[in-house]
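Novice: So that you have it, the file is input-v7.txt, and it contains compact mmCIF, N, CA and C atoms and all ligand atoms:
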# COMPACT_ATOMS: atom_id res chain seq x y z
N MET U 1 0.85 -1.20 0.00
CA MET U 1 0.00 0.00 0.00
C MET U 1 0.88 1.25 0.00
N LYS U 2 0.54 2.10 -0.89
CA LYS U 2 1.36 3.31 -1.05
C LYS U 2 0.80 4.42 -0.16
N THR U 3 1.68 4.97 0.65
CA THR U 3 1.24 6.10 1.47
C THR U 3 1.98 7.34 1.01
N SER U 4 1.22 8.30 0.67
CA SER U 4 1.84 9.54 0.23
C SER U 4 0.86 10.69 0.36
N GLY U 5 1.30 11.87 0.11
CA GLY U 5 0.43 13.03 0.09
C GLY U 5 -0.27 13.26 1.40
N PHE U 6 -1.56 13.36 1.32
CA PHE U 6 -2.38 13.72 2.47
C PHE U 6 -2.18 12.79 3.66
N PHE U 7 -2.18 11.44 3.38
CA PHE U 7 -2.11 10.49 4.48
C PHE U 7 -0.76 10.51 5.18
N THR U 8 0.28 10.79 4.42
CA THR U 8 1.60 10.92 5.04
C THR U 8 1.62 12.13 5.98
N LEU U 9 0.98 13.19 5.49
CA LEU U 9 0.92 14.41 6.31
C LEU U 9 0.13 14.14 7.60
N VAL U 10 -1.01 13.42 7.44
CA VAL U 10 -1.84 13.10 8.61
C VAL U 10 -1.04 12.25 9.59
N ARG U 11 -0.33 11.27 9.04
CA ARG U 11 0.45 10.39 9.91
C ARG U 11 1.55 11.18 10.62
N TYR U 12 2.13 12.14 9.91
CA TYR U 12 3.19 12.96 10.48
C TYR U 12 2.65 13.81 11.65
N ILE U 13 1.49 14.41 11.38
CA ILE U 13 0.88 15.25 12.42
C ILE U 13 0.50 14.39 13.63
N PHE U 14 -0.10 13.23 13.33
CA PHE U 14 -0.54 12.32 14.38
C PHE U 14 0.64 11.89 15.26
N THR U 15 1.73 11.51 14.58
CA THR U 15 2.93 11.08 15.31
C THR U 15 3.49 12.22 16.16
N THR U 16 3.47 13.41 15.58
CA THR U 16 3.99 14.57 16.31
C THR U 16 3.18 14.82 17.58
N ILE U 17 1.84 14.68 17.44
CA ILE U 17 0.97 14.92 18.60
C ILE U 17 1.20 13.85 19.67
N ILE U 18 1.27 12.57 19.21
CA ILE U 18 1.44 11.46 20.16
C ILE U 18 2.76 11.61 20.91
N VAL U 19 3.81 11.96 20.22
CA VAL U 19 5.12 12.09 20.85
C VAL U 19 5.22 13.42 21.59
N GLY U 20 4.61 14.44 21.00
CA GLY U 20 4.79 15.78 21.54
C GLY U 20 3.99 16.06 22.80
N LEU U 21 2.77 15.55 22.88
CA LEU U 21 1.92 15.87 24.03
C LEU U 21 2.54 15.53 25.39
N PRO U 22 3.06 14.30 25.52
CA PRO U 22 3.65 14.01 26.84
C PRO U 22 4.83 14.92 27.16
N VAL U 23 5.60 15.29 26.14
CA VAL U 23 6.76 16.17 26.35
C VAL U 23 6.28 17.54 26.80
N ILE U 24 5.25 18.06 26.09
CA ILE U 24 4.69 19.36 26.46
C ILE U 24 4.10 19.28 27.87
N GLY U 25 3.38 18.16 28.11
CA GLY U 25 2.77 17.97 29.42
C GLY U 25 3.80 17.97 30.53
N LEU U 26 4.91 17.35 30.26
CA LEU U 26 5.99 17.24 31.24
C LEU U 26 6.45 18.62 31.70
N PHE U 27 6.47 19.55 30.77
CA PHE U 27 7.01 20.88 31.10
C PHE U 27 5.95 21.88 31.56
N THR U 28 4.69 21.57 31.31
CA THR U 28 3.67 22.57 31.62
C THR U 28 2.78 22.22 32.81
N VAL U 29 2.53 20.93 33.02
CA VAL U 29 1.55 20.55 34.03
C VAL U 29 1.89 21.16 35.38
N GLY U 30 3.14 21.06 35.76
CA GLY U 30 3.56 21.57 37.07
C GLY U 30 3.41 23.08 37.18
N ARG U 31 3.58 23.76 36.06
CA ARG U 31 3.59 25.22 36.12
C ARG U 31 2.19 25.82 36.15
N PHE U 32 1.27 25.16 35.48
CA PHE U 32 -0.07 25.74 35.39
C PHE U 32 -1.03 25.20 36.43
N ARG U 33 -0.58 24.21 37.18
CA ARG U 33 -1.44 23.70 38.24
C ARG U 33 -1.60 24.80 39.28
N PRO U 34 -2.83 25.10 39.67
CA PRO U 34 -2.99 26.16 40.66
C PRO U 34 -2.30 25.76 41.96
N LYS U 35 -1.54 26.66 42.49
CA LYS U 35 -0.82 26.38 43.73
C LYS U 35 -1.82 26.38 44.89
N THR U 36 -1.73 25.34 45.72
CA THR U 36 -2.61 25.30 46.86
C THR U 36 -2.03 26.24 47.92
N VAL U 37 -2.82 27.23 48.26
CA VAL U 37 -2.38 28.20 49.27
C VAL U 37 -2.82 27.69 50.63
N PRO U 38 -1.88 27.32 51.48
CA PRO U 38 -2.29 26.84 52.80
C PRO U 38 -2.89 27.98 53.60
N ASN U 39 -3.86 27.65 54.43
CA ASN U 39 -4.48 28.68 55.26
C ASN U 39 -3.48 29.01 56.37
N THR U 40 -2.66 30.01 56.10
CA THR U 40 -1.55 30.32 56.99
C THR U 40 -2.03 30.78 58.36
N LYS U 41 -3.11 31.53 58.38
CA LYS U 41 -3.61 32.00 59.67
C LYS U 41 -4.05 30.82 60.53
N ALA U 42 -4.70 29.84 59.89
CA ALA U 42 -5.18 28.67 60.62
C ALA U 42 -4.02 27.92 61.25
N ILE U 43 -2.91 27.82 60.51
CA ILE U 43 -1.74 27.12 61.05
C ILE U 43 -1.22 27.85 62.29
N CYS U 44 -1.19 29.17 62.20
CA CYS U 44 -0.74 29.97 63.33
C CYS U 44 -1.67 29.79 64.53
N LEU U 45 -2.97 29.78 64.27
CA LEU U 45 -3.94 29.61 65.37
C LEU U 45 -3.76 28.25 66.04
N ILE U 46 -3.52 27.23 65.22
CA ILE U 46 -3.30 25.89 65.77
C ILE U 46 -2.04 25.88 66.63
N ASN U 47 -0.99 26.55 66.15
CA ASN U 47 0.24 26.64 66.95
C ASN U 47 -0.05 27.25 68.32
N GLN U 48 -0.77 28.37 68.31
CA GLN U 48 -1.03 29.07 69.56
C GLN U 48 -1.89 28.23 70.50
N ARG U 49 -2.84 27.51 69.91
CA ARG U 49 -3.68 26.63 70.72
C ARG U 49 -2.83 25.51 71.33
N ASN U 50 -1.92 24.96 70.52
CA ASN U 50 -1.05 23.89 71.02
C ASN U 50 -0.11 24.40 72.12
N PHE U 51 0.41 25.61 71.96
CA PHE U 51 1.24 26.21 73.01
C PHE U 51 0.44 26.29 74.31
N GLN U 52 -0.80 26.78 74.14
CA GLN U 52 -1.65 27.00 75.30
C GLN U 52 -1.94 25.68 76.02
N GLN U 53 -2.32 24.67 75.25
CA GLN U 53 -2.63 23.37 75.83
C GLN U 53 -1.39 22.78 76.49
N ALA U 54 -0.24 22.95 75.84
CA ALA U 54 1.01 22.41 76.37
C ALA U 54 1.35 23.08 77.70
N VAL U 55 1.20 24.40 77.75
CA VAL U 55 1.52 25.13 78.99
C VAL U 55 0.56 24.72 80.10
N ARG U 56 -0.73 24.60 79.78
CA ARG U 56 -1.71 24.20 80.80
C ARG U 56 -1.41 22.78 81.30
N SER U 57 -1.05 21.88 80.38
CA SER U 57 -0.73 20.50 80.77
C SER U 57 0.52 20.47 81.63
N TYR U 58 1.53 21.23 81.21
CA TYR U 58 2.80 21.31 81.93
C TYR U 58 2.56 21.87 83.33
N ALA U 59 1.76 22.94 83.41
CA ALA U 59 1.48 23.57 84.69
C ALA U 59 0.72 22.60 85.60
N ASP U 60 -0.22 21.87 85.01
CA ASP U 60 -1.02 20.93 85.78
C ASP U 60 -0.15 19.79 86.32
N LYS U 61 0.73 19.27 85.46
CA LYS U 61 1.59 18.14 85.83
C LYS U 61 2.55 18.52 86.96
N HIS U 62 3.03 19.77 86.91
CA HIS U 62 4.02 20.21 87.91
C HIS U 62 3.38 21.06 89.01
N SER U 63 2.05 21.01 89.08
CA SER U 63 1.31 21.75 90.11
C SER U 63 1.70 23.23 90.16
N LEU U 64 1.83 23.83 88.99
CA LEU U 64 2.19 25.24 88.92
C LEU U 64 0.93 26.09 89.00
N LYS U 65 1.09 27.24 89.62
CA LYS U 65 -0.02 28.18 89.70
C LYS U 65 0.21 29.31 88.70
N ILE U 66 -0.82 30.08 88.50
CA ILE U 66 -0.70 31.23 87.61
C ILE U 66 0.37 32.17 88.16
N GLY U 67 1.31 32.54 87.29
CA GLY U 67 2.40 33.41 87.71
C GLY U 67 3.69 32.67 88.00
N ASP U 68 3.60 31.33 88.14
CA ASP U 68 4.82 30.54 88.34
C ASP U 68 5.62 30.51 87.03
N PRO U 69 6.97 30.40 87.14
CA PRO U 69 7.78 30.43 85.93
C PRO U 69 7.57 29.20 85.03
N ILE U 70 7.68 29.45 83.73
CA ILE U 70 7.56 28.38 82.73
C ILE U 70 8.95 28.07 82.20
N ASP U 71 9.29 26.79 82.18
CA ASP U 71 10.53 26.37 81.53
C ASP U 71 10.17 25.79 80.16
N TRP U 72 10.30 26.64 79.14
CA TRP U 72 9.87 26.22 77.80
C TRP U 72 10.68 25.04 77.26
N THR U 73 11.90 24.85 77.80
CA THR U 73 12.70 23.70 77.32
C THR U 73 12.06 22.38 77.75
N LYS U 74 11.16 22.45 78.75
CA LYS U 74 10.45 21.24 79.19
C LYS U 74 9.14 21.07 78.43
N ILE U 75 8.78 22.10 77.67
CA ILE U 75 7.52 22.05 76.93
C ILE U 75 7.76 21.76 75.46
N MET U 76 8.76 22.46 74.91
CA MET U 76 9.04 22.32 73.48
C MET U 76 10.37 21.61 73.28
N GLY U 77 10.35 20.66 72.34
CA GLY U 77 11.57 19.92 72.05
C GLY U 77 11.27 18.43 72.00
N PRO U 78 12.20 17.63 71.52
CA PRO U 78 11.95 16.19 71.38
C PRO U 78 11.54 15.55 72.69
N GLY U 79 10.48 14.79 72.65
CA GLY U 79 9.99 14.09 73.84
C GLY U 79 9.11 14.94 74.73
N ASN U 80 8.93 16.22 74.39
CA ASN U 80 8.10 17.11 75.20
C ASN U 80 6.70 17.25 74.59
N TYR U 81 5.92 18.15 75.17
CA TYR U 81 4.54 18.34 74.70
C TYR U 81 4.51 18.72 73.22
N ILE U 82 5.41 19.61 72.83
CA ILE U 82 5.52 20.02 71.43
C ILE U 82 6.90 19.59 70.96
N GLU U 83 6.90 18.64 70.03
CA GLU U 83 8.16 17.99 69.63
C GLU U 83 9.13 18.94 68.93
N GLN U 84 8.59 19.82 68.10
CA GLN U 84 9.45 20.70 67.31
C GLN U 84 9.09 22.16 67.55
N VAL U 85 10.06 23.02 67.34
CA VAL U 85 9.81 24.45 67.43
C VAL U 85 8.82 24.82 66.33
N ARG U 86 7.77 25.52 66.71
CA ARG U 86 6.73 25.92 65.74
C ARG U 86 7.01 27.31 65.24
N GLU U 87 6.60 27.54 64.00
CA GLU U 87 6.74 28.89 63.48
C GLU U 87 5.46 29.36 62.82
N CYS U 88 5.23 30.64 62.93
CA CYS U 88 4.10 31.25 62.23
C CYS U 88 4.43 31.21 60.74
N PRO U 89 3.51 30.75 59.89
CA PRO U 89 3.80 30.65 58.47
C PRO U 89 4.15 32.00 57.83
N ILE U 90 3.72 33.08 58.44
CA ILE U 90 4.00 34.40 57.88
C ILE U 90 5.17 35.07 58.58
N HIS U 91 5.22 34.99 59.90
CA HIS U 91 6.21 35.77 60.65
C HIS U 91 7.36 34.93 61.21
N GLY U 92 7.33 33.62 60.99
CA GLY U 92 8.46 32.77 61.40
C GLY U 92 8.48 32.44 62.88
N THR U 93 9.62 31.92 63.32
CA THR U 93 9.73 31.44 64.70
C THR U 93 9.72 32.58 65.71
N SER U 94 10.17 33.77 65.30
CA SER U 94 10.24 34.89 66.25
C SER U 94 8.87 35.56 66.44
N ALA U 95 7.84 35.01 65.78
CA ALA U 95 6.51 35.63 65.86
C ALA U 95 5.90 35.48 67.26
N TYR U 96 6.30 34.42 67.96
CA TYR U 96 5.62 34.12 69.22
C TYR U 96 6.36 34.73 70.41
N ASP U 97 5.57 35.35 71.24
CA ASP U 97 6.08 35.99 72.44
C ASP U 97 5.83 35.03 73.60
N TYR U 98 6.85 34.20 73.91
CA TYR U 98 6.67 33.15 74.92
C TYR U 98 6.64 33.74 76.33
N SER U 99 5.55 33.50 77.00
CA SER U 99 5.40 34.00 78.36
C SER U 99 6.40 33.29 79.27
N THR U 100 7.00 34.03 80.17
CA THR U 100 7.95 33.41 81.10
C THR U 100 7.24 32.84 82.32
N THR U 101 5.95 33.21 82.46
CA THR U 101 5.19 32.70 83.61
C THR U 101 3.87 32.11 83.13
N VAL U 102 3.29 31.25 83.96
CA VAL U 102 2.00 30.65 83.62
C VAL U 102 0.96 31.77 83.55
N PRO U 103 0.35 31.97 82.38
CA PRO U 103 -0.57 33.09 82.22
C PRO U 103 -1.94 32.82 82.85
N PRO U 104 -2.62 33.90 83.22
CA PRO U 104 -4.00 33.73 83.72
C PRO U 104 -4.89 33.11 82.64
N ILE U 105 -5.99 32.52 83.09
CA ILE U 105 -6.95 31.96 82.14
C ILE U 105 -7.42 33.09 81.21
N GLY U 106 -7.43 32.80 79.91
CA GLY U 106 -7.85 33.80 78.94
C GLY U 106 -6.69 34.61 78.36
N THR U 107 -5.47 34.34 78.83
CA THR U 107 -4.29 35.02 78.30
C THR U 107 -3.42 33.98 77.62
N LEU U 108 -2.99 34.31 76.40
CA LEU U 108 -2.19 33.35 75.64
C LEU U 108 -0.78 33.20 76.23
N ALA U 109 -0.32 31.97 76.23
CA ALA U 109 1.04 31.68 76.72
C ALA U 109 2.08 32.08 75.69
N ALA U 110 1.71 32.02 74.42
CA ALA U 110 2.65 32.38 73.36
C ALA U 110 1.87 32.99 72.19
N PRO U 111 1.44 34.25 72.36
CA PRO U 111 0.67 34.88 71.28
C PRO U 111 1.55 35.24 70.08
N CYS U 112 0.96 35.18 68.89
CA CYS U 112 1.63 35.66 67.70
C CYS U 112 1.60 37.19 67.73
N LYS U 113 2.69 37.80 67.25
CA LYS U 113 2.76 39.26 67.30
C LYS U 113 1.81 39.91 66.31
N ASP U 114 1.28 39.12 65.38
CA ASP U 114 0.35 39.64 64.39
C ASP U 114 -1.06 39.69 64.99
N PRO U 115 -1.61 40.90 65.18
CA PRO U 115 -2.96 41.00 65.79
C PRO U 115 -4.02 40.23 64.99
N ALA U 116 -3.79 40.10 63.67
CA ALA U 116 -4.76 39.37 62.84
C ALA U 116 -4.75 37.88 63.14
N HIS U 117 -3.72 37.43 63.85
CA HIS U 117 -3.60 36.00 64.17
C HIS U 117 -4.07 35.68 65.58
N LYS U 118 -4.76 36.63 66.20
CA LYS U 118 -5.24 36.37 67.56
C LYS U 118 -6.43 35.42 67.50
N PRO U 119 -6.34 34.28 68.20
CA PRO U 119 -7.47 33.34 68.16
C PRO U 119 -8.70 33.94 68.82
N PRO U 120 -9.87 33.66 68.26
CA PRO U 120 -11.10 34.16 68.88
C PRO U 120 -11.50 33.30 70.08
N ASN U 121 -12.29 33.86 70.94
CA ASN U 121 -12.88 33.11 72.06
C ASN U 121 -11.85 32.38 72.93
N ILE U 122 -10.90 33.12 73.47
CA ILE U 122 -9.87 32.47 74.29
C ILE U 122 -10.14 32.67 75.79
N GLU U 123 -11.35 33.15 76.10
CA GLU U 123 -11.65 33.48 77.50
C GLU U 123 -11.41 32.30 78.44
N GLU U 124 -11.60 31.09 77.94
CA GLU U 124 -11.47 29.92 78.82
C GLU U 124 -10.19 29.14 78.56
N TRP U 125 -9.27 29.72 77.78
CA TRP U 125 -8.03 29.00 77.47
C TRP U 125 -7.07 29.07 78.63
ZN ZN K 1 1.00 34.22 63.26
Show the structure stored in the file as structure tokens.

Specialist:
Amino acid sequence: MKTSGFFTLVRYIFTTIIVGLPVIGLFTVGRFRPKTVPNTKAICLINQRNFQQAVRSYADKHSLKIGDPIDWTKIMGPGNYIEQVRECPIHGTSAYDYSTTVPPIGTLAAPCKDPAHKPPNIEEW
């Protein structure tokens, strides 16, 4: 069977598409995929809640009262309440103002310096 003219052209185009698409896909799929934007504020709020729970647990375990000193090295770090140092996704590790004493109920133990990251309804924390 003789292939020439139009059919050769069709076959050429077809082959180009079959070979070309995966190559094009390889270089474009990653770039045009919409980037998932993590809810950065939520991550910060979770960090602050975890700090708070850790401090309350630590204070309870060691029979500490409000105003007693906090040893953060016993709270954060391997084997402790919080295994790793946490960072605010926007402001980094220096975002948190670690209280040196057990805070009163309703006061954060390690608030983020960003007022927009203040957790709501912390009266009973
Ligand atoms: Zn934050």

Novice: Can you work out which one of U:Pro103, U:Gly5, U:Gly20, U:Pro111 has the shortest atom-to-atom distance to ligand ZN 1 (chain K), counting only C-alpha atoms and all ligand atoms?

Specialist: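 With only C-alpha atoms and all ligand atoms as the atom set, the closest residue is U:Pro111.
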
Novice: Applying 7 Å and all atoms listed in the file, which residues near range 54-62 of chain U remain after dropping the ones on its own chain fewer than 2 positions away? List them as a list in words.

Specialist: Arg49, Asn50, Phe51, Gln52, Leu64, Lys65, Ile75, Tyr81, Ile82 and Ala109 of chain U

Novice: Between atom N of Asn121 in chain U and CA of Thr73 in chain U, what is the distance in Å, rounded to a tenth?

Specialist: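 A separation of 27.7 Å between them.
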
Novice: Contacts between ligand ZN 1 (chain K) and chain U, please, where a residue of chain U counts if it comes within 6.5 Å (with all atoms listed in the file); show its shortest atom pair and distance in Å to one decimal, rows by chain and ascending number, as CSV.

Specialist:
residue,atom,partner,partner_atom,distance
U:Lys41,CA,K:ZN1,ZN,6.3
U:Cys44,CA,K:ZN1,ZN,4.6
U:Leu45,N,K:ZN1,ZN,6.0
U:Cys88,CA,K:ZN1,ZN,4.4
U:Pro89,N,K:ZN1,ZN,5.4
U:Ile90,N,K:ZN1,ZN,5.7
U:His91,N,K:ZN1,ZN,5.4
U:Ala95,CA,K:ZN1,ZN,6.3
U:Cys112,CA,K:ZN1,ZN,4.7
U:Lys113,N,K:ZN1,ZN,5.6
U:Asp114,N,K:ZN1,ZN,5.3
U:His117,CA,K:ZN1,ZN,5.0

Novice: Could you work out how far CA of Gln84 in chain U lies from atom C of Ile46 in chain U, giving the answer in Å with one decimal?

Specialist: 12.6 Å

Novice: To test your reading of the structure, identify every residue in range 44-103 of chain U that backbone DSSP assigns to helix (DSSP H, G or I), and report it as number ranges by chain.

Specialist: U: 44-61, 72-74, 93-95

Novice: Output N, CA and C atoms for every residue in the selection just made, as a CSV table (one decimal), in the frame of the given file.

Specialist:
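Contents of selection-v9.csv, as written:
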chain,number,residue,atom,x,y,z
U,44,CYS,N,-1.2,29.2,62.2
U,44,CYS,CA,-0.7,30.0,63.3
U,44,CYS,C,-1.7,29.8,64.5
U,45,LEU,N,-3.0,29.8,64.3
U,45,LEU,CA,-3.9,29.6,65.4
U,45,LEU,C,-3.8,28.2,66.0
U,46,ILE,N,-3.5,27.2,65.2
U,46,ILE,CA,-3.3,25.9,65.8
U,46,ILE,C,-2.0,25.9,66.6
U,47,ASN,N,-1.0,26.6,66.2
U,47,ASN,CA,0.2,26.6,67.0
U,47,ASN,C,0.0,27.2,68.3
U,48,GLN,N,-0.8,28.4,68.3
U,48,GLN,CA,-1.0,29.1,69.6
U,48,GLN,C,-1.9,28.2,70.5
U,49,ARG,N,-2.8,27.5,69.9
U,49,ARG,CA,-3.7,26.6,70.7
U,49,ARG,C,-2.8,25.5,71.3
U,50,ASN,N,-1.9,25.0,70.5
U,50,ASN,CA,-1.0,23.9,71.0
U,50,ASN,C,-0.1,24.4,72.1
U,51,PHE,N,0.4,25.6,72.0
U,51,PHE,CA,1.2,26.2,73.0
U,51,PHE,C,0.4,26.3,74.3
U,52,GLN,N,-0.8,26.8,74.1
U,52,GLN,CA,-1.6,27.0,75.3
U,52,GLN,C,-1.9,25.7,76.0
U,53,GLN,N,-2.3,24.7,75.2
U,53,GLN,CA,-2.6,23.4,75.8
U,53,GLN,C,-1.4,22.8,76.5
U,54,ALA,N,-0.2,23.0,75.8
U,54,ALA,CA,1.0,22.4,76.4
U,54,ALA,C,1.4,23.1,77.7
U,55,VAL,N,1.2,24.4,77.8
U,55,VAL,CA,1.5,25.1,79.0
U,55,VAL,C,0.6,24.7,80.1
U,56,ARG,N,-0.7,24.6,79.8
U,56,ARG,CA,-1.7,24.2,80.8
U,56,ARG,C,-1.4,22.8,81.3
U,57,SER,N,-1.0,21.9,80.4
U,57,SER,CA,-0.7,20.5,80.8
U,57,SER,C,0.5,20.5,81.6
U,58,TYR,N,1.5,21.2,81.2
U,58,TYR,CA,2.8,21.3,81.9
U,58,TYR,C,2.6,21.9,83.3
U,59,ALA,N,1.8,22.9,83.4
U,59,ALA,CA,1.5,23.6,84.7
U,59,ALA,C,0.7,22.6,85.6
U,60,ASP,N,-0.2,21.9,85.0
U,60,ASP,CA,-1.0,20.9,85.8
U,60,ASP,C,-0.2,19.8,86.3
U,61,LYS,N,0.7,19.3,85.5
U,61,LYS,CA,1.6,18.1,85.8
U,61,LYS,C,2.6,18.5,87.0
U,72,TRP,N,10.3,26.6,79.1
U,72,TRP,CA,9.9,26.2,77.8
U,72,TRP,C,10.7,25.0,77.3
U,73,THR,N,11.9,24.8,77.8
U,73,THR,CA,12.7,23.7,77.3
U,73,THR,C,12.1,22.4,77.8
U,74,LYS,N,11.2,22.4,78.8
U,74,LYS,CA,10.4,21.2,79.2
U,74,LYS,C,9.1,21.1,78.4
U,93,THR,N,9.6,31.9,63.3
U,93,THR,CA,9.7,31.4,64.7
U,93,THR,C,9.7,32.6,65.7
U,94,SER,N,10.2,33.8,65.3
U,94,SER,CA,10.2,34.9,66.2
U,94,SER,C,8.9,35.6,66.4
U,95,ALA,N,7.8,35.0,65.8
U,95,ALA,CA,6.5,35.6,65.9
U,95,ALA,C,5.9,35.5,67.3

Novice: Work out how far apart atom C of Thr100 in chain U and atom C of Thr40 in chain U are and give it in Å to one decimal.

Specialist: 25.8 Å

Novice: Would you please work out which residue, of U:Pro78, U:Ile105, U:Pro119, U:Val85, is nearest to Ala42 in chain U when using only C-alpha atoms?

Specialist: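 Among the listed residues, U:Pro119 lies closest to Ala42 in chain U.
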
Novice: Using only N, CA and C atoms, pick whichever of U:Val10, U:Met76, U:Val23, U:Ala110 has the shortest atom-to-atom distance to Tyr98 in chain U.

Specialist: U:Ala110

Novice: Using only C-alpha atoms, which of U:Ala116, U:Val102, U:Asn39, U:Asp97 sits nearest Asp71 in chain U?

Specialist: U:Val102

Novice: Using only N, CA and C atoms, which protein or nucleic acid residues come within 6.5 Å of Thr101 in chain U? Drop anything in the same chain fewer than 5 positions from it, and give the result as a PDB file with N, CA and C atoms, in the coordinates of the input.

Specialist:
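Final output, saved to around.pdb:
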ATOM      1  N   ILE U  66      -0.820  30.080  88.500  1.00  0.00           N
ATOM      2  CA  ILE U  66      -0.700  31.230  87.610  1.00  0.00           C
ATOM      3  C   ILE U  66       0.370  32.170  88.160  1.00  0.00           C
ATOM      4  N   GLY U  67       1.310  32.540  87.290  1.00  0.00           N
ATOM      5  CA  GLY U  67       2.400  33.410  87.710  1.00  0.00           C
ATOM      6  C   GLY U  67       3.690  32.670  88.000  1.00  0.00           C
ATOM      7  N   ASP U  68       3.600  31.330  88.140  1.00  0.00           N
ATOM      8  CA  ASP U  68       4.820  30.540  88.340  1.00  0.00           C
ATOM      9  C   ASP U  68       5.620  30.510  87.030  1.00  0.00           C
ATOM     10  N   PRO U  69       6.970  30.400  87.140  1.00  0.00           N
ATOM     11  CA  PRO U  69       7.780  30.430  85.930  1.00  0.00           C
ATOM     12  C   PRO U  69       7.570  29.200  85.030  1.00  0.00           C
ATOM     13  N   ILE U  70       7.680  29.450  83.730  1.00  0.00           N
ATOM     14  CA  ILE U  70       7.560  28.380  82.730  1.00  0.00           C
ATOM     15  C   ILE U  70       8.950  28.070  82.200  1.00  0.00           C
TER      16      ILE U  70
END

Novice: Quick one: of U:Trp72, U:Ile18, U:Tyr96, U:Gln53, who's nearest to Trp125 in chain U, counting only N, CA and C atoms?

Specialist: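 Among U:Trp72, U:Ile18, U:Tyr96, U:Gln53, it is U:Gln53 that comes nearest to Trp125 in chain U.
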